[in-house]
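S.K.: So here's work.tsv, just TSV, C-alpha atoms:
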```tsv
chain	number	residue	atom	x	y	z
A	1	MET	CA	0.00	0.00	0.00
A	2	ASN	CA	1.61	3.24	-1.15
A	3	CYS	CA	1.20	6.04	1.33
A	4	ILE	CA	2.29	9.62	1.94
A	5	LEU	CA	2.53	11.64	5.15
A	6	ILE	CA	1.44	15.26	5.49
A	7	ASP	CA	2.26	17.17	8.66
A	8	ASP	CA	3.93	20.53	9.17
A	9	GLU	CA	5.92	19.16	12.13
A	10	ALA	CA	8.98	17.02	11.42
A	11	ALA	CA	8.63	15.22	14.77
A	12	ALA	CA	5.07	14.19	13.94
A	13	ARG	CA	6.11	12.94	10.50
A	14	ALA	CA	8.96	10.96	12.02
A	15	ILE	CA	6.56	9.22	14.41
A	16	VAL	CA	4.14	8.15	11.66
A	17	SER	CA	7.02	7.13	9.42
A	18	GLN	CA	8.45	4.96	12.18
A	19	LEU	CA	5.05	3.36	12.80
A	20	CYS	CA	4.67	2.70	9.08
A	21	SER	CA	8.09	1.04	8.96
A	22	LYS	CA	6.76	-1.67	11.26
A	23	VAL	CA	3.99	-2.58	8.83
A	24	PRO	CA	5.40	-4.55	5.87
A	25	GLU	CA	2.45	-3.73	3.60
A	26	LEU	CA	3.04	0.01	3.90
A	27	ASN	CA	5.39	1.85	1.61
A	28	VAL	CA	5.99	5.48	2.55
A	29	MET	CA	6.55	7.17	-0.80
A	30	GLU	CA	7.05	10.71	0.41
A	31	GLU	CA	6.63	13.08	3.36
A	32	PHE	CA	5.31	16.62	3.06
A	33	ASP	CA	5.33	19.55	5.45
A	34	ASN	CA	2.44	21.18	3.60
A	35	ALA	CA	-0.64	19.97	1.79
A	36	ILE	CA	-0.14	21.93	-1.41
A	37	GLU	CA	3.06	20.08	-2.26
A	38	ALA	CA	1.24	16.83	-1.55
A	39	ILE	CA	-1.49	17.73	-4.04
A	40	LYS	CA	1.13	18.16	-6.75
A	41	PHE	CA	2.52	14.74	-5.86
A	42	LEU	CA	-0.95	13.16	-6.02
A	43	ASN	CA	-1.31	14.55	-9.52
A	44	GLN	CA	1.68	12.48	-10.59
A	45	TYR	CA	1.68	9.30	-8.55
A	46	LYS	CA	-0.72	6.60	-7.46
A	47	VAL	CA	-1.23	6.80	-3.71
A	48	ASP	CA	-3.45	4.44	-1.70
A	49	LEU	CA	-3.35	6.06	1.71
A	50	VAL	CA	-2.65	9.52	3.13
A	51	PHE	CA	-1.77	10.21	6.77
A	52	LEU	CA	-2.96	13.76	7.13
A	53	ASP	CA	-2.62	16.32	9.90
A	54	ILE	CA	-5.66	18.56	10.18
A	55	HIS	CA	-4.12	21.54	11.91
A	56	MET	CA	-1.65	23.09	9.51
A	57	PRO	CA	-1.09	26.81	8.93
A	58	GLY	CA	-2.66	28.32	5.81
A	59	PHE	CA	-3.95	25.25	4.02
A	60	THR	CA	-5.50	22.81	6.50
A	61	GLY	CA	-6.10	19.09	6.20
A	62	ILE	CA	-9.78	19.75	5.58
A	63	ASP	CA	-8.88	22.19	2.79
A	64	PHE	CA	-6.72	19.42	1.34
A	65	ILE	CA	-9.57	16.90	1.32
A	66	GLN	CA	-11.98	19.39	-0.21
A	67	THR	CA	-9.51	20.09	-2.99
A	68	LEU	CA	-9.28	16.46	-4.10
A	69	LYS	CA	-11.74	15.20	-6.66
A	70	ASN	CA	-11.16	11.49	-5.98
A	71	PRO	CA	-9.19	11.28	-2.76
A	72	PRO	CA	-7.42	8.08	-1.70
A	73	LYS	CA	-8.07	6.65	1.76
A	74	ILE	CA	-7.20	9.17	4.42
A	75	VAL	CA	-6.22	8.73	8.06
A	76	MET	CA	-6.34	11.94	10.05
A	77	THR	CA	-3.59	12.53	12.60
A	78	THR	CA	-4.12	15.30	15.12
A	79	SER	CA	-4.70	16.16	18.73
A	80	ASP	CA	-7.75	18.25	17.98
A	81	THR	CA	-10.54	15.87	18.83
A	82	ASP	CA	-12.94	18.70	18.07
A	83	PHE	CA	-12.17	18.11	14.41
A	84	ALA	CA	-13.12	14.45	14.63
A	85	ILE	CA	-16.81	14.90	13.94
A	86	ALA	CA	-16.16	17.28	11.04
A	87	SER	CA	-13.59	14.96	9.53
A	88	TYR	CA	-15.94	12.00	9.44
A	89	GLU	CA	-18.19	13.95	7.11
A	90	TYR	CA	-15.77	12.99	4.36
A	91	GLU	CA	-16.14	9.51	2.94
A	92	ALA	CA	-12.43	9.16	2.22
A	93	ILE	CA	-11.53	9.43	5.91
A	94	VAL	CA	-11.08	5.93	7.24
A	95	ASP	CA	-9.76	6.60	10.72
A	96	TYR	CA	-8.69	9.26	13.14
A	97	LEU	CA	-5.46	8.94	15.14
A	98	VAL	CA	-4.97	11.11	18.21
A	99	LYS	CA	-1.37	12.12	18.91
A	100	PRO	CA	0.78	10.75	20.40
A	101	ILE	CA	0.02	7.63	18.36
A	102	THR	CA	0.83	4.25	19.89
A	103	HIS	CA	1.87	1.04	18.10
A	104	GLU	CA	-1.32	-0.68	19.21
A	105	ARG	CA	-3.63	2.06	17.96
A	106	PHE	CA	-1.71	2.29	14.70
A	107	GLN	CA	-2.09	-1.46	14.09
A	108	LYS	CA	-5.83	-1.18	14.63
A	109	CYS	CA	-5.93	1.72	12.20
A	110	ILE	CA	-4.12	-0.22	9.48
A	111	GLN	CA	-6.50	-3.13	9.96
A	112	LYS	CA	-9.38	-0.71	9.54
A	113	VAL	CA	-7.80	0.72	6.39
A	114	LYS	CA	-7.49	-2.79	4.93
A	115	ASN	CA	-11.10	-3.59	5.73
A	116	THR	CA	-12.51	-0.37	4.37
A	117	SER	CA	-13.40	-0.04	0.75
A	118	VAL	CA	-14.19	3.66	0.63
A	119	GLY	CA	-12.03	5.87	-1.48
A	120	THR	CA	-10.33	4.80	-4.66
A	121	SER	CA	-6.99	3.19	-5.26
A	122	SER	CA	-6.21	5.64	-7.99
A	123	ALA	CA	-5.53	8.95	-6.40
A	124	SER	CA	-6.82	11.53	-8.76
A	125	ALA	CA	-6.15	14.97	-7.46
A	126	ALA	CA	-7.90	18.01	-8.72
A	127	THR	CA	-6.89	19.31	-12.08
A	128	ASN	CA	-5.88	22.84	-12.94
A	129	GLU	CA	-9.16	24.37	-11.99
A	130	GLN	CA	-8.85	22.61	-8.59
A	131	GLU	CA	-12.38	21.59	-7.96
A	132	THR	CA	-13.81	21.28	-4.47
A	133	ALA	CA	-16.90	19.57	-3.29
A	134	LEU	CA	-19.75	22.03	-3.45
A	135	GLY	CA	-19.52	24.18	-0.38
A	136	GLU	CA	-19.05	27.87	-0.02
A	137	ASP	CA	-15.85	28.13	-1.97
A	138	LEU	CA	-13.69	26.95	-4.85
A	139	TYR	CA	-9.92	26.50	-5.15
A	140	ILE	CA	-8.14	27.66	-8.27
A	141	ASN	CA	-4.56	26.96	-9.27
A	142	ILE	CA	-2.62	30.13	-10.05
A	143	ASP	CA	1.14	29.83	-10.48
A	144	ARG	CA	1.28	26.66	-8.36
A	145	ARG	CA	-0.71	28.24	-5.55
A	146	LEU	CA	-4.16	27.07	-4.63
A	147	ILE	CA	-6.26	30.13	-4.03
A	148	LYS	CA	-9.57	29.94	-2.25
A	149	LEU	CA	-12.38	31.91	-3.82
A	150	LYS	CA	-15.65	32.28	-2.02
A	151	PHE	CA	-18.61	31.85	-4.33
A	152	ALA	CA	-20.09	35.03	-2.93
A	153	GLU	CA	-17.04	37.02	-4.12
A	154	ILE	CA	-17.34	35.94	-7.76
A	155	LEU	CA	-19.06	38.43	-10.01
A	156	LEU	CA	-18.81	36.65	-13.34
A	157	ILE	CA	-16.72	34.23	-15.36
A	158	GLU	CA	-15.71	34.84	-18.93
A	159	ALA	CA	-14.39	32.25	-21.41
A	160	LYS	CA	-11.12	33.28	-23.04
A	161	GLY	CA	-9.90	30.55	-25.41
A	162	ASP	CA	-8.35	27.78	-23.33
A	163	TYR	CA	-8.75	29.90	-20.20
A	164	ILE	CA	-11.46	31.47	-18.13
A	165	ASN	CA	-11.31	34.84	-16.43
A	166	ILE	CA	-12.89	34.77	-12.98
A	167	LYS	CA	-13.84	38.30	-12.05
A	168	THR	CA	-14.28	38.95	-8.34
A	169	GLU	CA	-15.03	42.10	-6.41
A	170	SER	CA	-11.33	42.65	-5.72
A	171	LYS	CA	-9.38	40.94	-8.49
A	172	ASP	CA	-9.46	38.99	-11.77
A	173	TYR	CA	-8.05	35.44	-12.03
A	174	LEU	CA	-7.06	33.77	-15.29
A	175	VAL	CA	-7.38	29.97	-14.96
A	176	HIS	CA	-6.60	27.23	-17.45
A	177	THR	CA	-9.96	25.45	-17.75
A	178	THR	CA	-13.29	25.72	-19.51
A	179	LEU	CA	-16.62	27.29	-18.61
A	180	LYS	CA	-18.22	23.85	-18.81
A	181	LYS	CA	-15.84	22.42	-16.22
A	182	ILE	CA	-16.15	25.24	-13.75
A	183	MET	CA	-19.94	25.22	-14.11
A	184	GLU	CA	-19.90	21.68	-12.71
A	185	LYS	CA	-18.33	23.10	-9.55
A	186	LEU	CA	-20.57	26.09	-9.07
A	187	PRO	CA	-23.88	25.97	-7.21
A	188	GLU	CA	-26.70	26.03	-9.76
A	189	ASP	CA	-28.87	28.27	-7.66
A	190	LYS	CA	-26.23	31.01	-7.59
A	191	PHE	CA	-24.66	30.89	-11.04
A	192	LEU	CA	-26.17	30.96	-14.50
A	193	GLN	CA	-24.73	30.83	-18.00
A	194	ILE	CA	-26.32	33.66	-19.94
A	195	HIS	CA	-24.08	33.54	-23.02
A	196	ARG	CA	-21.71	31.10	-24.71
A	197	SER	CA	-18.82	33.01	-23.11
A	198	TYR	CA	-20.30	34.20	-19.82
A	199	VAL	CA	-21.45	32.78	-16.52
A	200	ILE	CA	-22.76	35.25	-13.98
A	201	ASN	CA	-23.36	35.22	-10.25
A	202	PHE	CA	-27.11	35.62	-10.13
A	203	ASN	CA	-26.91	37.57	-6.87
A	204	LYS	CA	-24.66	40.22	-8.42
A	205	ILE	CA	-27.09	41.43	-11.08
A	206	VAL	CA	-27.62	45.18	-10.89
A	207	ASP	CA	-30.13	45.45	-13.70
A	208	ILE	CA	-31.23	43.80	-16.94
A	209	GLU	CA	-31.90	45.41	-20.25
A	210	ASP	CA	-33.24	43.65	-23.31
A	211	ASN	CA	-30.09	41.85	-24.36
A	212	SER	CA	-27.68	42.54	-21.55
A	213	VAL	CA	-27.10	42.26	-17.82
A	214	LEU	CA	-25.21	44.74	-15.68
A	215	ILE	CA	-22.89	43.08	-13.15
A	216	GLU	CA	-21.18	45.77	-11.11
A	217	LYS	CA	-19.78	47.89	-13.97
A	218	SER	CA	-19.64	45.14	-16.59
A	219	VAL	CA	-22.27	44.85	-19.29
A	220	ILE	CA	-22.72	41.18	-20.20
A	221	PRO	CA	-24.63	40.05	-23.31
A	222	ILE	CA	-27.54	37.63	-22.95
A	223	SER	CA	-27.86	35.07	-25.72
A	224	ARG	CA	-31.27	34.34	-27.14
A	225	SER	CA	-31.15	30.72	-26.06
A	226	ASN	CA	-30.21	31.52	-22.45
A	227	ARG	CA	-32.65	34.35	-21.97
A	228	PRO	CA	-35.74	32.21	-21.10
A	229	GLU	CA	-33.91	30.54	-18.19
A	230	LEU	CA	-32.70	33.89	-16.88
A	231	MET	CA	-36.19	35.31	-17.02
A	232	ARG	CA	-37.66	32.21	-15.38
A	233	ARG	CA	-35.38	32.64	-12.40
A	234	LEU	CA	-36.11	36.32	-11.83
A	235	ASN	CA	-38.42	37.24	-9.04
A	236	LEU	CA	-40.50	39.44	-11.28
A	237	LEU	CA	-43.08	41.76	-9.85
B	1	MET	CA	3.70	20.40	40.01
B	2	ILE	CA	5.79	20.10	36.86
B	3	GLU	CA	6.47	16.56	35.73
B	4	THR	CA	9.84	15.25	34.66
B	5	PRO	CA	10.35	14.79	30.92
B	6	ASN	CA	11.20	11.29	29.80
B	7	LEU	CA	11.77	9.26	26.64
B	8	GLU	CA	9.43	6.40	27.46
B	9	TYR	CA	7.20	7.04	24.44
B	10	VAL	CA	10.17	7.54	22.13
B	11	ASP	CA	11.82	4.32	23.34
B	12	ASN	CA	8.59	2.42	22.91
B	13	LEU	CA	8.26	3.81	19.41
B	14	ALA	CA	11.89	3.05	18.55
B	15	ASP	CA	11.54	-0.52	19.81
B	16	GLY	CA	15.31	-0.95	19.83
B	17	ASP	CA	15.89	1.07	16.66
B	18	THR	CA	18.72	3.27	17.91
B	19	ALA	CA	19.03	5.12	14.61
B	20	PHE	CA	15.42	6.24	14.86
B	21	ARG	CA	15.88	7.17	18.53
B	22	GLN	CA	18.82	9.40	17.74
B	23	LYS	CA	17.14	10.91	14.70
B	24	PHE	CA	13.98	11.68	16.67
B	25	ILE	CA	15.84	13.26	19.57
B	26	GLY	CA	17.71	15.33	17.00
B	27	ILE	CA	14.42	16.57	15.56
B	28	LEU	CA	13.16	17.52	19.05
B	29	LYS	CA	16.40	19.35	19.78
B	30	GLU	CA	16.13	21.21	16.49
B	31	GLU	CA	12.40	22.01	16.41
B	32	PHE	CA	11.71	22.85	20.04
B	33	PRO	CA	14.04	25.88	20.40
B	34	ILE	CA	12.62	27.36	17.18
B	35	GLU	CA	9.04	26.90	18.30
B	36	GLN	CA	9.89	28.23	21.75
B	37	GLU	CA	11.48	31.33	20.28
B	38	GLU	CA	8.55	31.90	17.93
B	39	TYR	CA	6.17	31.59	20.88
B	40	LEU	CA	8.16	34.08	22.94
B	41	ASP	CA	8.36	36.54	20.03
B	42	THR	CA	4.64	36.45	19.36
B	43	MET	CA	3.83	36.83	23.06
B	44	LYS	CA	6.21	39.78	23.28
B	45	ASN	CA	4.41	41.39	20.37
B	46	VAL	CA	0.99	40.57	21.84
B	47	LEU	CA	0.11	38.42	18.84
B	48	PHE	CA	-1.93	35.93	20.82
B	49	ARG	CA	-3.52	34.19	17.86
B	50	GLU	CA	-0.11	33.46	16.34
B	51	ALA	CA	1.22	32.47	19.75
B	52	SER	CA	-1.57	29.90	20.07
B	53	GLU	CA	-0.34	28.27	16.85
B	54	HIS	CA	3.11	27.86	18.38
B	55	VAL	CA	1.64	26.44	21.58
B	56	HIS	CA	-0.26	23.98	19.39
B	57	LYS	CA	3.03	22.67	17.97
B	58	ILE	CA	4.85	22.65	21.29
B	59	LYS	CA	2.08	20.74	23.06
B	60	HIS	CA	2.69	17.65	20.92
B	61	LYS	CA	6.27	17.56	22.09
B	62	LEU	CA	5.11	17.77	25.70
B	63	ASN	CA	3.00	14.67	25.16
B	64	VAL	CA	5.85	12.87	23.44
B	65	LEU	CA	8.09	13.67	26.41
B	66	GLY	CA	5.56	12.22	28.84
B	67	LEU	CA	4.46	15.61	30.21
B	68	HIS	CA	0.77	14.88	30.24
B	69	ASN	CA	-0.24	17.49	32.82
B	70	ALA	CA	1.84	20.06	30.97
B	71	TYR	CA	0.07	19.02	27.77
B	72	THR	CA	-3.31	19.68	29.41
B	73	LEU	CA	-2.13	23.11	30.52
B	74	ALA	CA	-0.83	23.82	27.02
B	75	VAL	CA	-4.24	22.98	25.55
B	76	GLN	CA	-5.84	25.43	27.97
B	77	HIS	CA	-3.23	28.06	27.19
B	78	GLU	CA	-3.72	27.58	23.45
B	79	ASN	CA	-7.46	28.05	23.86
B	80	GLU	CA	-7.18	31.11	26.09
B	81	LEU	CA	-4.74	32.73	23.66
B	82	ARG	CA	-7.30	32.30	20.91
B	83	ASN	CA	-9.62	34.33	23.09
B	84	GLY	CA	-6.99	37.00	23.68
B	85	GLU	CA	-6.12	35.93	27.24
B	86	GLN	CA	-2.80	34.92	28.75
B	87	SER	CA	-3.45	33.90	32.35
B	88	LEU	CA	-1.43	30.66	31.96
B	89	LYS	CA	1.58	32.31	30.37
B	90	GLU	CA	3.89	32.06	33.41
B	91	GLU	CA	3.05	28.40	34.04
B	92	PHE	CA	3.63	27.62	30.39
B	93	LEU	CA	6.96	29.45	30.45
B	94	SER	CA	8.03	27.29	33.41
B	95	ILE	CA	7.24	24.20	31.38
B	96	LEU	CA	9.23	25.52	28.44
B	97	LYS	CA	12.26	26.03	30.69
B	98	VAL	CA	12.05	22.47	31.97
B	99	VAL	CA	11.85	21.07	28.44
B	100	GLU	CA	14.62	23.36	27.20
B	101	HIS	CA	16.93	22.18	30.00
B	102	TYR	CA	16.04	18.54	29.41
B	103	LEU	CA	16.65	18.66	25.66
B	104	LYS	CA	19.99	20.38	26.16
B	105	ASN	CA	21.12	17.55	28.38
B	106	ILE	CA	20.09	14.43	26.51
```
Output the file's structure as structure tokens, nothing else.

M.R.:
Amino acid sequence: MNCILIDDEAAARAIVSQLCSKVPELNVMEEFDNAIEAIKFLNQYKVDLVFLDIHMPGFTGIDFIQTLKNPPKIVMTTSDTDFAIASYEYEAIVDYLVKPITHERFQKCIQKVKNTSVGTSSASAATNEQETALGEDLYINIDRRLIKLKFAEILLIEAKGDYINIKTESKDYLVHTTLKKIMEKLPEDKFLQIHRSYVINFNKIVDIEDNSVLIEKSVIPISRSNRPELMRRLNLL
Amino acid sequence: MIETPNLEYVDNLADGDTAFRQKFIGILKEEFPIEQEEYLDTMKNVLFREASEHVHKIKHKLNVLGLHNAYTLAVQHENELRNGEQSLKEEFLSILKVVEHYLKNI
């Protein structure tokens, strides 16, 4: 079973690595002190199991799980028992190890991993657009950094060849993906495609004229085919 | 009362693997002073939220060194710092001194 370790503390990684060394079936492929580097690794290699610390600065273990499209089996390692309930909301999480981890508890965990069929053996991390499960936000990959965008901040998304331009209240982000792909990751009740090249945040509409929508200061064309759906969703007086 | 640090957990984990034992002690000796200094800096600058993050890291080492009461106090200190309070600062500093002395002498 190929596994990786993610923990920002070297001491914690050394403990899990030592415990893994006592289990012949486990092969520790790599150790990471941050989750973002691990995501890049998952994009390249097949990983069966991830030992993941929840409490890491910046990009937490939960952020990591939400970023993965098809996560491998995950064992959480932390002292924050408060996170336990939240972590079990994710199907990929097989077990939860409280630090300091003992040999006995680790053996039980590995047995549980073997007996659990959730997750997939092929670790497919998110692609360039870095999809999350539908929540309140979306991660995008810009220059090797995963940036969290809250849905509520997005004004509109414009197709630009092989890229999309995500326009937010504060900044624009150019991402290598398609409108179709990002639409799959956006909540349907908040976003609507009104033109072949435009998706808008429904809540950001200022006004609508015959063939266009005003989003903040941007005038966005409405295509004939998309207009009926837009009109259907308006709360017209 | 402050407990005495020990390597019982580390020895159990090493299970006779002296290379691991030495490597792990080396990591503790390297990481602890950095985390301690970062904690002291953030406390000096009244950055309690950041200080709580350092306490979070240090507390694992307390557990590893068999300081279970100290670990409990560290959890409380971490939580109070998140709320902008520092009533357990002096007790936590005493623990840090004990650990610092211990790691310098193993």

S.K.: Show me which bits of chain A are within 7 Å of chain B, counting only C-alpha atoms, as a list in words.

M.R.: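 Interface list for chain A against chain B: Ala10, Ala11, Ala14 and Pro100 of chain A.
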
S.K.: So which residues fall inside 12 Å of (-13.3, 25.2, -17.8) if we count only C-alpha atoms? Mind giving them as a VMD selection string?

M.R.: chain A and resid 127 to 131 140 157 to 166 174 to 186 197 to 199

S.K.: Interatomic distance between CA of Asn6 in chain B and CA of Val16 in chain A?

M.R.: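 CA of Val16 in chain A lies 19.7 Å from CA of Asn6 in chain B.
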
S.K.: Within 6 Å of (-7.1, 15.9, 11.5), only C-alpha atoms: residues as a VMD selection string?

M.R.: chain A and resid 53 to 54 76 to 78

S.K.: Fewer than 6 positions away in the same chain doesn't count, so skip those; otherwise give me all residues within 12 Å of Asp95 in chain A, counting all atoms listed in the file, as a ChimeraX atom specification.

M.R.: /A:49-52,73-78,84-85,87-89,105-116,118

S.K.: Have a look at B:Leu40, B:Ile106, B:Ile34, B:Val46 and name the one nearest to Leu93 in chain B; count all atoms listed in the file.

M.R.: B:Leu40

S.K.: How many Å separate CA of Arg145 in chain A from CA of Tyr45 in chain A?

M.R.: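 Separation between CA of Arg145 in chain A and CA of Tyr45 in chain A: 19.3 Å.
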
S.K.: Mind pulling up the distance from CA of Leu5 in chain A to CA of Gln76 in chain B?

M.R.: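 Distance reported for this atom pair: 27.9 Å.
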
S.K.: Set the distance at 10 Å and use only C-alpha atoms: which residues neighbour Ile194 in chain A once local chain neighbours fewer than 2 positions away are removed? I'd like the list as a list in words.

M.R.: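 So, after excluding close chain neighbours, the residues are Phe191, Leu192, Arg196, Ser197, Tyr198, Val199, Ile200, Ser212, Val213, Ile220, Pro221, Ile222, Ser223, Arg224, Ser225, Asn226, Arg227, Pro228, Glu229 and Leu230 of chain A.
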